[in-house]
file structure_13.cif (mmCIF, C-alpha atoms and all ligand atoms)
data_start
#
loop_
_atom_site.label_atom_id
_atom_site.label_comp_id
_atom_site.auth_asym_id
_atom_site.auth_seq_id
_atom_site.Cartn_x
_atom_site.Cartn_y
_atom_site.Cartn_z
CA MET A 149 71.58 -127.87 101.16
CA GLN A 150 71.95 -129.11 97.57
CA CYS A 151 71.52 -127.02 94.43
CA GLN A 152 67.81 -126.91 93.53
CA LYS A 153 68.16 -126.04 89.85
CA GLU A 154 65.95 -128.88 88.71
CA LEU A 155 62.95 -127.24 90.39
CA PHE A 156 63.26 -124.28 87.99
CA GLN A 157 63.30 -123.88 84.22
CA LEU A 158 66.33 -121.70 83.64
CA PRO A 159 68.06 -122.20 80.26
CA SER A 160 71.57 -123.65 80.64
CA ASP A 161 73.22 -120.71 78.84
CA VAL A 162 71.67 -118.18 81.23
CA THR A 163 73.53 -117.20 84.39
CA TYR A 164 70.78 -115.70 86.47
CA LEU A 165 72.22 -113.83 89.46
CA ASN A 166 69.37 -111.41 89.91
CA CYS A 167 66.82 -112.74 92.38
CA ALA A 168 66.77 -109.27 93.98
CA TYR A 169 65.13 -108.12 90.73
CA MET A 170 62.66 -110.98 90.45
CA SER A 171 62.87 -114.66 91.34
CA PRO A 172 62.42 -117.22 88.59
CA LEU A 173 59.31 -119.36 88.90
CA MET A 174 59.54 -122.87 90.33
CA LYS A 175 57.70 -125.54 88.35
CA GLN A 176 55.51 -126.35 91.35
CA VAL A 177 54.60 -122.70 91.82
CA GLU A 178 53.72 -122.37 88.16
CA ALA A 179 51.52 -125.48 88.39
CA ALA A 180 49.67 -124.01 91.38
CA GLY A 181 48.92 -120.89 89.32
CA MET A 182 47.75 -123.00 86.37
CA ARG A 183 45.36 -124.90 88.61
CA GLY A 184 43.96 -121.60 89.88
CA LEU A 185 43.52 -120.34 86.34
CA ALA A 186 41.73 -123.51 85.21
CA ALA A 187 39.43 -123.48 88.25
CA LYS A 188 37.52 -120.56 86.76
CA ARG A 189 36.34 -122.81 83.96
CA GLN A 190 34.00 -124.28 86.55
CA PRO A 191 32.85 -121.46 88.83
CA TYR A 192 29.98 -123.66 90.03
CA LEU A 193 32.54 -125.72 91.96
CA LEU A 194 33.83 -122.71 93.89
CA LYS A 195 32.49 -122.65 97.46
CA PRO A 196 32.57 -119.83 100.06
CA HIS A 197 35.22 -121.85 101.89
CA ASP A 198 37.53 -121.46 98.84
CA PHE A 199 37.52 -117.70 99.35
CA PHE A 200 39.00 -118.00 102.83
CA GLU A 201 40.83 -121.29 103.34
CA PRO A 202 43.84 -120.75 101.02
CA ALA A 203 44.38 -117.31 102.58
CA ARG A 204 44.29 -118.88 106.04
CA GLN A 205 46.90 -121.41 104.91
CA LEU A 206 49.05 -118.66 103.47
CA ARG A 207 48.92 -116.68 106.71
CA GLU A 208 49.94 -119.84 108.53
CA ALA A 209 52.82 -120.60 106.17
CA PHE A 210 54.17 -117.05 106.41
CA ALA A 211 53.76 -117.14 110.20
CA GLN A 212 55.94 -120.25 110.22
CA LEU A 213 58.56 -118.51 108.06
CA ILE A 214 58.88 -115.49 110.36
CA LYS A 215 58.04 -117.43 113.54
CA ALA A 216 54.92 -115.43 114.31
CA ASP A 217 52.55 -116.94 116.83
CA THR A 218 49.35 -115.23 115.63
CA PRO A 219 48.77 -115.86 111.90
CA ASP A 220 45.86 -113.40 111.91
CA ARG A 221 48.39 -110.62 112.39
CA ILE A 222 49.38 -111.32 108.78
CA CYS A 223 47.46 -109.97 105.82
CA LEU A 224 47.74 -110.08 102.05
CA ILE A 225 48.83 -106.94 100.24
CA PRO A 226 49.38 -106.28 96.54
CA SER A 227 52.61 -104.32 96.97
CA VAL A 228 54.99 -102.77 99.46
CA SER A 229 53.62 -99.31 98.66
CA TYR A 230 50.19 -100.57 99.76
CA GLY A 231 51.54 -102.02 103.01
CA MET A 232 53.56 -98.90 103.80
CA SER A 233 50.51 -96.74 103.14
CA ILE A 234 48.60 -98.70 105.78
CA VAL A 235 51.40 -97.98 108.23
CA ALA A 236 51.59 -94.30 107.29
CA GLN A 237 47.84 -93.90 107.63
CA ASN A 238 47.89 -95.28 111.17
CA ILE A 239 50.89 -93.55 112.68
CA PRO A 240 50.07 -90.68 115.01
CA ILE A 241 52.70 -88.09 114.20
CA GLN A 242 52.95 -84.45 115.12
CA GLN A 243 54.67 -81.32 113.99
CA GLY A 244 58.33 -81.36 114.98
CA GLU A 245 58.63 -85.15 115.14
CA GLU A 246 60.81 -87.17 112.78
CA ILE A 247 60.54 -90.18 110.54
CA LEU A 248 63.92 -91.76 110.00
CA ILE A 249 64.87 -93.69 106.89
CA VAL A 250 68.18 -94.73 105.38
CA GLY A 251 69.67 -93.19 102.24
CA GLU A 252 68.65 -94.40 98.79
CA GLN A 253 65.84 -96.47 100.20
CA PHE A 254 63.45 -98.14 97.76
CA PRO A 255 60.78 -95.59 96.60
CA SER A 256 57.84 -97.62 98.02
CA ASN A 257 59.38 -97.03 101.43
CA TYR A 258 60.08 -93.35 100.79
CA TYR A 259 57.15 -91.55 99.12
CA CYS A 260 54.60 -92.35 101.82
CA TRP A 261 56.95 -90.85 104.45
CA GLU A 262 57.71 -87.84 102.30
CA ARG A 263 53.98 -87.13 102.04
CA LEU A 264 53.18 -87.89 105.68
CA THR A 265 55.92 -85.61 107.00
CA ARG A 266 54.94 -82.84 104.59
CA GLN A 267 51.27 -83.05 105.61
CA SER A 268 51.96 -83.25 109.33
CA GLN A 269 54.82 -80.72 109.39
CA ALA A 270 57.09 -83.38 110.76
CA SER A 271 60.50 -83.96 109.19
CA LEU A 272 61.97 -86.76 107.19
CA ARG A 273 65.46 -87.57 108.38
CA ILE A 274 67.57 -89.55 105.96
CA VAL A 275 70.80 -91.23 107.09
CA PRO A 276 72.93 -91.43 103.92
CA PRO A 277 75.53 -94.12 103.25
CA PRO A 278 79.01 -92.96 104.31
CA GLU A 279 81.40 -92.27 101.45
CA VAL A 280 84.24 -94.46 102.69
CA PRO A 281 85.96 -97.32 100.87
CA HIS A 282 86.17 -99.60 103.90
CA GLY A 283 83.99 -100.21 106.93
CA ARG A 284 81.04 -98.52 105.20
CA GLY A 285 78.39 -100.90 106.58
CA GLN A 286 79.60 -100.61 110.15
CA LEU A 287 79.79 -96.81 110.00
CA TRP A 288 76.35 -96.58 108.40
CA ASN A 289 74.85 -98.67 111.20
CA GLU A 290 76.55 -96.48 113.81
CA ARG A 291 75.21 -93.32 112.19
CA ILE A 292 71.68 -94.72 112.14
CA LEU A 293 71.84 -95.49 115.86
CA GLN A 294 73.20 -92.00 116.57
CA ALA A 295 70.43 -90.40 114.50
CA ILE A 296 67.61 -92.01 116.49
CA GLY A 297 66.63 -89.51 119.16
CA GLN A 298 63.81 -88.08 121.26
CA ARG A 299 62.07 -86.60 118.22
CA THR A 300 62.08 -89.89 116.26
CA ARG A 301 58.56 -91.22 115.90
CA VAL A 302 59.17 -93.94 113.29
CA VAL A 303 62.19 -95.75 111.92
CA ALA A 304 61.23 -97.25 108.54
CA MET A 305 63.96 -99.27 106.89
CA PRO A 306 64.95 -102.58 105.33
CA HIS A 307 66.92 -105.46 106.84
CA VAL A 308 69.33 -105.39 103.90
CA HIS A 309 69.63 -102.49 101.46
CA TRP A 310 68.09 -103.24 98.08
CA ALA A 311 70.91 -101.64 96.07
CA ASP A 312 73.94 -103.45 97.47
CA GLY A 313 72.85 -105.75 100.30
CA THR A 314 74.29 -103.69 103.16
CA SER A 315 72.76 -105.27 106.24
CA PHE A 316 71.39 -103.32 109.16
CA ASP A 317 71.56 -104.38 112.77
CA LEU A 318 67.83 -104.43 113.40
CA ARG A 319 68.27 -105.76 116.91
CA ALA A 320 70.28 -102.75 118.01
CA ILE A 321 68.03 -100.40 116.02
CA ARG A 322 64.97 -101.93 117.71
CA GLN A 323 66.50 -101.44 121.11
CA ARG A 324 67.39 -97.81 120.45
CA SER A 325 64.04 -97.00 118.82
CA ARG A 326 62.21 -98.50 121.77
CA GLU A 327 64.25 -96.38 124.20
CA VAL A 328 62.90 -93.25 122.52
CA GLY A 329 59.38 -94.62 121.94
CA ALA A 330 59.69 -94.84 118.14
CA TRP A 331 58.00 -97.46 115.99
CA LEU A 332 60.11 -99.79 113.86
CA VAL A 333 58.73 -100.58 110.41
CA VAL A 334 60.70 -103.06 108.30
CA ASP A 335 60.61 -103.59 104.55
CA GLY A 336 61.54 -107.28 104.34
CA THR A 337 61.28 -107.53 100.55
CA GLN A 338 65.00 -108.03 99.97
CA SER A 339 65.62 -110.38 102.87
CA VAL A 340 62.67 -112.41 104.19
CA GLY A 341 62.85 -115.89 102.68
CA ALA A 342 66.61 -115.82 102.11
CA LEU A 343 67.82 -114.38 105.40
CA PRO A 344 66.28 -115.59 108.67
CA PHE A 345 63.85 -113.06 110.11
CA HIS A 346 62.37 -114.04 113.46
CA LEU A 347 59.76 -111.71 114.83
CA ASP A 348 60.90 -112.30 118.39
CA GLU A 349 64.42 -111.29 117.59
CA PHE A 350 63.65 -107.95 115.92
CA GLN A 351 60.20 -107.18 117.35
CA PRO A 352 59.16 -104.72 114.64
CA ASP A 353 55.83 -102.91 114.77
CA ALA A 354 55.19 -103.82 111.17
CA LEU A 355 56.89 -106.00 108.55
CA ILE A 356 56.05 -105.49 104.88
CA CYS A 357 57.19 -107.84 102.09
CA ALA A 358 56.67 -108.04 98.35
CA GLY A 359 56.20 -111.68 97.30
CA TYR A 360 58.00 -111.89 93.96
CA LYS A 361 61.63 -111.78 95.05
CA TRP A 362 62.93 -113.84 97.98
CA LEU A 363 59.49 -115.26 98.77
CA MET A 364 59.65 -116.67 95.23
CA GLY A 365 56.01 -116.06 94.48
CA PRO A 366 54.17 -114.28 91.66
CA TYR A 367 54.17 -110.55 90.98
CA ALA A 368 51.44 -108.44 92.65
CA LEU A 369 50.92 -110.38 95.87
CA GLY A 370 52.82 -109.80 99.08
CA VAL A 371 52.40 -110.16 102.81
CA ALA A 372 52.48 -107.90 105.83
CA TRP A 373 52.58 -108.49 109.57
CA PHE A 374 51.15 -105.85 111.90
CA GLY A 375 51.75 -105.62 115.63
CA PRO A 376 49.38 -104.48 118.39
CA HIS A 377 49.62 -100.74 117.50
CA PHE A 378 47.55 -101.56 114.43
CA ASP A 379 44.84 -103.66 116.06
CA GLN A 380 42.24 -100.88 115.97
CA GLY A 381 43.60 -99.03 112.94
CA VAL A 382 41.93 -97.73 109.80
CA PRO A 383 42.35 -99.80 106.61
CA LEU A 384 42.95 -98.26 103.20
CA GLU A 385 39.76 -99.79 101.82
CA GLU A 386 36.67 -101.48 103.24
CA SER A 387 36.58 -104.96 101.73
CA TRP A 388 33.50 -107.01 102.61
CA MET A 389 35.76 -110.00 103.23
CA ASN A 390 37.48 -108.20 106.09
CA ARG A 391 34.30 -107.86 108.13
CA ALA A 392 33.33 -110.32 110.85
CA GLY A 393 31.22 -113.21 109.59
CA SER A 394 31.87 -112.58 105.88
CA GLU A 395 32.22 -116.36 105.45
CA ASN A 396 28.41 -116.49 105.54
CA PHE A 397 27.54 -115.39 102.00
CA SER A 398 23.82 -115.36 102.65
CA ALA A 399 24.13 -112.68 105.34
CA LEU A 400 26.53 -110.22 103.68
CA VAL A 401 24.07 -107.34 103.77
CA ASN A 402 23.64 -107.66 107.50
CA TYR A 403 26.35 -105.01 107.54
CA GLN A 404 28.87 -105.57 110.27
CA PRO A 405 30.55 -102.93 112.40
CA HIS A 406 33.29 -105.38 113.39
CA TYR A 407 36.30 -106.54 111.44
CA GLN A 408 37.95 -109.94 111.21
CA PRO A 409 40.58 -110.25 113.96
CA TYR A 410 43.93 -108.45 114.19
CA ALA A 411 45.48 -107.42 110.85
CA ARG A 412 42.81 -108.94 108.65
CA ARG A 413 41.04 -105.59 108.44
CA TYR A 414 43.92 -104.47 106.23
CA GLU A 415 43.74 -107.23 103.67
CA VAL A 416 43.51 -106.03 100.07
CA GLY A 417 40.15 -106.39 98.32
CA GLU A 418 39.65 -109.69 96.46
CA SER A 419 42.50 -111.12 98.50
CA SER A 420 41.38 -114.66 97.67
CA ASN A 421 43.00 -114.23 94.23
CA PHE A 422 42.61 -117.76 92.92
CA ILE A 423 45.71 -117.69 90.73
CA LEU A 424 48.29 -115.69 92.66
CA LEU A 425 47.48 -116.80 96.17
CA PRO A 426 48.06 -120.57 95.64
CA MET A 427 51.34 -119.68 93.94
CA LEU A 428 52.63 -117.68 96.88
CA LEU A 429 51.39 -120.35 99.27
CA GLU A 430 53.33 -123.00 97.37
CA SER A 431 56.54 -120.98 97.25
CA ILE A 432 56.44 -120.11 100.96
CA ARG A 433 55.81 -123.76 101.81
CA ILE A 434 58.91 -124.72 99.85
CA LEU A 435 60.92 -122.00 101.61
CA ASN A 436 59.72 -123.39 104.94
CA GLU A 437 60.98 -126.83 103.91
CA TRP A 438 64.37 -125.41 102.91
CA GLY A 439 64.67 -122.96 105.81
CA PRO A 440 65.97 -119.42 105.10
CA GLU A 441 69.08 -120.17 107.16
CA HIS A 442 69.99 -122.90 104.64
CA VAL A 443 69.33 -120.60 101.69
CA GLN A 444 71.65 -118.10 103.33
CA SER A 445 74.41 -120.64 103.99
CA TYR A 446 74.07 -122.04 100.45
CA CYS A 447 74.58 -118.53 99.04
CA GLN A 448 77.47 -117.96 101.39
CA ALA A 449 79.27 -121.11 100.31
CA LEU A 450 78.69 -120.13 96.69
CA SER A 451 79.98 -116.57 97.08
CA GLU A 452 82.93 -116.88 99.44
CA LYS A 453 85.69 -117.68 96.94
CA PRO A 454 84.41 -115.43 94.12
CA ILE A 455 84.28 -112.50 96.54
CA ALA A 456 87.85 -113.14 97.71
CA THR A 457 89.03 -113.25 94.08
CA LEU A 458 87.17 -110.07 93.16
CA ARG A 459 88.73 -108.22 96.07
CA ARG A 460 92.19 -109.26 94.91
CA LEU A 461 91.30 -107.79 91.51
CA GLY A 462 90.56 -104.44 93.17
CA PHE A 463 86.77 -104.56 93.42
CA HIS A 464 85.15 -103.34 96.64
CA ILE A 465 82.66 -105.62 98.39
CA GLU A 466 81.25 -105.00 101.87
CA ASP A 467 82.60 -106.98 104.86
CA ALA A 468 80.75 -110.27 105.42
CA GLY A 469 79.23 -109.07 108.70
CA TYR A 470 77.56 -106.11 107.00
CA ARG A 471 75.97 -107.61 103.92
CA GLY A 472 73.72 -110.49 102.96
CA ALA A 473 75.26 -113.59 101.37
CA HIS A 474 72.28 -113.56 98.99
CA LEU A 475 72.69 -109.93 97.93
CA TRP A 476 75.91 -108.01 97.53
CA GLY A 477 77.26 -105.10 95.59
CA ILE A 478 80.51 -104.96 93.66
CA ARG A 479 81.99 -101.47 93.43
CA LEU A 480 84.40 -101.01 90.57
CA PRO A 481 88.01 -99.82 90.88
CA THR A 482 88.18 -96.12 89.94
CA GLY A 483 88.22 -95.36 86.25
CA LEU A 484 86.11 -98.33 85.18
CA ASP A 485 82.71 -97.70 83.63
CA VAL A 486 79.93 -99.74 85.21
CA GLN A 487 77.64 -99.44 82.15
CA GLN A 488 80.34 -100.76 79.86
CA LEU A 489 80.84 -103.71 82.18
CA LYS A 490 77.10 -104.36 82.26
CA GLN A 491 77.09 -104.57 78.45
CA GLN A 492 79.77 -107.24 78.53
CA LEU A 493 77.86 -109.21 81.16
CA ASP A 494 74.69 -108.98 79.06
CA GLN A 495 76.56 -110.31 76.02
CA GLN A 496 77.50 -113.39 78.02
CA ARG A 497 73.95 -113.73 79.34
CA ILE A 498 75.07 -113.07 82.90
CA TYR A 499 72.13 -111.31 84.53
CA VAL A 500 72.84 -108.91 87.39
CA SER A 501 71.59 -105.38 88.06
CA VAL A 502 73.38 -102.04 88.09
CA ARG A 503 72.36 -99.96 91.09
CA GLY A 504 74.16 -96.63 91.28
CA ASN A 505 77.85 -97.30 90.77
CA ALA A 506 77.63 -100.92 91.92
CA ILE A 507 76.90 -104.22 90.22
CA ARG A 508 74.32 -106.00 92.36
CA VAL A 509 74.70 -109.77 92.55
CA SER A 510 71.92 -111.84 94.07
CA PRO A 511 72.31 -115.62 93.79
CA HIS A 512 69.94 -118.31 95.02
CA VAL A 513 69.74 -122.06 95.42
CA TYR A 514 69.41 -122.58 91.65
CA ASN A 515 72.91 -121.18 91.11
CA GLU A 516 76.08 -123.25 90.92
CA THR A 517 79.77 -122.56 91.47
CA HIS A 518 80.57 -122.46 87.75
CA GLU A 519 78.10 -119.59 87.29
CA LEU A 520 79.85 -117.44 89.88
CA ASP A 521 83.15 -118.40 88.21
CA LYS A 522 81.76 -117.16 84.90
CA LEU A 523 80.91 -113.82 86.53
CA VAL A 524 84.40 -113.54 88.03
CA GLY A 525 85.96 -114.46 84.67
CA CYS A 526 84.03 -111.70 82.93
CA LEU A 527 85.03 -109.13 85.55
CA TYR A 528 88.65 -110.30 85.33
CA ASP A 529 88.70 -109.83 81.54
CA PHE A 530 87.10 -106.41 81.93
CA VAL A 531 89.74 -105.23 84.38
CA LYS A 532 92.57 -106.56 82.22
CA THR A 533 91.31 -104.82 79.08
CA HIS A 534 90.22 -101.52 80.65
CA ALA A 535 92.62 -100.88 83.55
C1 LIG B 1 63.35 -103.04 99.08
C2 LIG B 1 62.21 -103.10 98.12
N1 LIG B 1 60.98 -102.85 98.57
C3 LIG B 1 59.92 -102.91 97.75
C4 LIG B 1 60.05 -103.23 96.41
C5 LIG B 1 58.83 -103.31 95.55
O1 LIG B 1 57.86 -102.38 95.94
P1 LIG B 1 56.37 -102.45 95.41
O2 LIG B 1 55.82 -103.77 95.85
O3 LIG B 1 55.68 -101.30 96.04
O4 LIG B 1 56.42 -102.36 93.92
C6 LIG B 1 61.33 -103.49 95.90
C7 LIG B 1 61.53 -103.79 94.47
O5 LIG B 1 62.62 -103.82 93.96
C8 LIG B 1 62.43 -103.44 96.78
O6 LIG B 1 63.66 -103.71 96.37
#

call {"tool": "encode", "arguments": {"input": "structure_13.cif", "output": "structure tokens"}}
result
Amino acid sequence: MQCQKELFQLPSDVTYLNCAYMSPLMKQVEAAGMRGLAAKRQPYLLKPHDFFEPARQLREAFAQLIKADTPDRICLIPSVSYGMSIVAQNIPIQQGEEILIVGEQFPSNYYCWERLTRQSQASLRIVPPPEVPHGRGQLWNERILQAIGQRTRVVAMPHVHWADGTSFDLRAIRQRSREVGAWLVVDGTQSVGALPFHLDEFQPDALICAGYKWLMGPYALGVAWFGPHFDQGVPLEESWMNRAGSENFSALVNYQPHYQPYARRYEVGESSNFILLPMLLESIRILNEWGPEHVQSYCQALSEKPIATLRRLGFHIEDAGYRGAHLWGIRLPTGLDVQQLKQQLDQQRIYVSVRGNAIRVSPHVYNETHELDKLVGCLYDFVKTHA
């Protein structure tokens, strides 16, 4: 895959290595949003069909991305917290059972479990990252597998950790969780779009994704996939659009006891958002053309040499098998101040995030080799002046 910088509008003096924070907007995606905005100048042209068709196309495009065979198992959500709340509301859990999450998980995949376990007198089991300099990812995965037991009711976790890209072996975790009858709920926000995620391979019970990072869409629109456990579940709200036959605007007050099929009962109200929805549709279509496996290999080719150099300089970076190529953390040699380093990076307009004691680097197909070299150069200078 070639560099796709020309599809974006990033200034040439900006080194943007922070897609895990928020993706930049592609020109085509921006244009789709502009068209949606302008359409409201002429509401008389908007037909009932326009409320449903783009959403259908979006479900289809996302189904293609994750290789799902029933697009109606996908629904539109405004945020991960919303999607996780749907899951939490529909999980039968009892006193003494456990919900298992990994340490330092993103808050939208923590608070709903904290509340659910408190209310149901179940317990929240958190598997923290091991404090070891080497082999941390492998050990963390082993500890997660060991922690899943007969009391585990749900395992709710990401594919790669948002703070430093540590990747989790969802296949093994699925197998173990199934052995004990636990549900697997995946937050795909930091992986889906940039790291292949095939439903068949991981067989989660639910997959929840924000749209504004690796799906490269706008803020405030995401997607969720729900498996058969959720087919008869209770939605968070009762949108008229989610009821059977809502396409017929003249019969909306013939109130319907039945929902649209599968996960469409969970779709957020006003899901036909005429600005955001076409944007996310456009970005997912582009991702389907690229293929997440090519995004991943592009990022890998970009990062390989810089990572080797950084290791020689004394920085710690997770082994390749236990981190994403699109998202990785750099831990500093002892004695160096991460905030001071961040200031120097900011001065050079190198955009990364600080998460805990690590610098989080998250490149994409708009990045080029010289940008990673600039990052390495800055880290090199920092070590030389502060070591
Ligand atoms: C792993 C992960 N999940 C979810 C989110 C966003 O959550 P929400 O859509 O609830 O704001 C983020 C944002 O950084 C994230 O990193």

call {"tool": "residues_near_ligand", "arguments": {"input": "structure_13.cif", "ligand": "ligand LIG 1 (chain B)", "cutoff": "6 Å", "atoms": "all atoms listed in the file", "output": "PyMOL selection string"}}
result
chain A and resi 169+227-229+254+256+310+337-338+358

call {"tool": "closest_residue", "arguments": {"input": "structure_13.cif", "among": "A:Leu248, A:Ala320, A:Leu158, A:Ile214", "to": "Leu347 in chain A", "atoms": "only C-alpha atoms"}}
result
A:Ile214

call {"tool": "atom_distance", "arguments": {"input": "structure_13.cif", "atom1": "CA of Tyr164 in chain A", "atom2": "CA of Lys361 in chain A"}}
result
13.1 Å

call {"tool": "atom_distance", "arguments": {"input": "structure_13.cif", "atom1": "CA of Met174 in chain A", "atom2": "CA of Gln157 in chain A"}}
result
7.2 Å

call {"tool": "residues_near_point", "arguments": {"input": "structure_13.cif", "point": "(70.7, -97.5, 96.1)", "cutoff": "8 Å", "atoms": "all atoms listed in the file", "output": "list in words"}}
result
Gly251, Glu252, Gln253, Phe254, His309, Trp310, Ala311, Asp312, Arg503 and Gly504 of chain A

call {"tool": "closest_residue", "arguments": {"input": "structure_13.cif", "among": "A:Leu173, A:Leu400, A:Leu293, A:Ala179", "to": "Lys153 in chain A", "atoms": "all atoms listed in the file"}}
result
A:Leu173

call {"tool": "axis_aligned_box", "arguments": {"input": "structure_13.cif", "around": "range 379-386 of chain A", "padding_each_side": "8 Å", "output": "JSON"}}
result
{"center_x": 40.8, "center_y": -100.7, "center_z": 108.9, "size_x": 24.2, "size_y": 21.9, "size_z": 30.2}

call {"tool": "residues_around", "arguments": {"input": "structure_13.cif", "residues": "Ile239 in chain A", "least_positions_apart": "5", "cutoff": "10 Å", "atoms": "all atoms listed in the file", "output": "ChimeraX atom specification"}}
result
/A:234,264,301-302,331,377-378,381

call {"tool": "decode", "arguments": {"input": "structure_13.cif", "residues": "range 175-230 of chain A", "atoms": "C-alpha atoms", "output": "short mmCIF file (atom, residue, chain, number, x, y, z; two decimals), in the first residue's frame"}}
result
data_model
loop_
_atom_site.label_atom_id
_atom_site.label_comp_id
_atom_site.auth_asym_id
_atom_site.auth_seq_id
_atom_site.Cartn_x
_atom_site.Cartn_y
_atom_site.Cartn_z
CA LYS A 175 -11.27 15.20 2.09
CA GLN A 176 -13.89 12.77 0.79
CA VAL A 177 -15.30 12.24 4.27
CA GLU A 178 -15.48 15.97 4.84
CA ALA A 179 -17.30 16.42 1.52
CA ALA A 180 -19.86 13.78 2.51
CA GLY A 181 -20.56 15.72 5.71
CA MET A 182 -20.87 18.99 3.79
CA ARG A 183 -23.40 17.43 1.45
CA GLY A 184 -25.41 16.25 4.46
CA LEU A 185 -25.29 19.71 5.99
CA ALA A 186 -26.44 21.39 2.78
CA ALA A 187 -29.27 18.90 2.30
CA LYS A 188 -31.18 20.55 5.14
CA ARG A 189 -31.52 23.68 3.04
CA GLN A 190 -34.13 21.74 1.11
CA PRO A 191 -36.04 19.54 3.57
CA TYR A 192 -38.81 19.12 1.00
CA LEU A 193 -36.45 16.85 -0.96
CA LEU A 194 -35.93 14.49 1.97
CA LYS A 195 -37.94 11.28 1.57
CA PRO A 196 -38.71 8.52 4.13
CA HIS A 197 -36.25 6.34 2.23
CA ASP A 198 -33.45 8.81 3.13
CA PHE A 199 -34.00 8.05 6.81
CA PHE A 200 -33.21 4.37 6.33
CA GLU A 201 -31.13 3.73 3.21
CA PRO A 202 -27.82 5.34 4.27
CA ALA A 203 -28.00 3.46 7.59
CA ARG A 204 -28.58 0.21 5.70
CA GLN A 205 -25.52 0.96 3.56
CA LEU A 206 -23.47 1.73 6.64
CA ARG A 207 -24.46 -1.54 8.28
CA GLU A 208 -23.46 -3.31 5.09
CA ALA A 209 -20.10 -1.54 4.85
CA PHE A 210 -19.26 -2.31 8.48
CA ALA A 211 -20.38 -5.91 8.00
CA GLN A 212 -17.90 -6.16 5.14
CA LEU A 213 -15.13 -4.71 7.32
CA ILE A 214 -15.62 -7.24 10.13
CA LYS A 215 -16.84 -10.04 7.84
CA ALA A 216 -20.26 -10.28 9.43
CA ASP A 217 -22.89 -12.15 7.46
CA THR A 218 -25.97 -10.44 8.94
CA PRO A 219 -25.72 -6.63 8.61
CA ASP A 220 -28.85 -6.22 10.75
CA ARG A 221 -26.81 -7.41 13.71
CA ILE A 222 -25.05 -4.03 13.45
CA CYS A 223 -26.49 -0.84 14.87
CA LEU A 224 -25.47 2.78 15.13
CA ILE A 225 -24.42 4.10 18.52
CA PRO A 226 -23.24 7.56 19.57
CA SER A 227 -20.41 6.34 21.80
CA VAL A 228 -18.76 3.32 23.35
CA SER A 229 -20.35 4.14 26.70
CA TYR A 230 -23.75 3.85 25.01
#
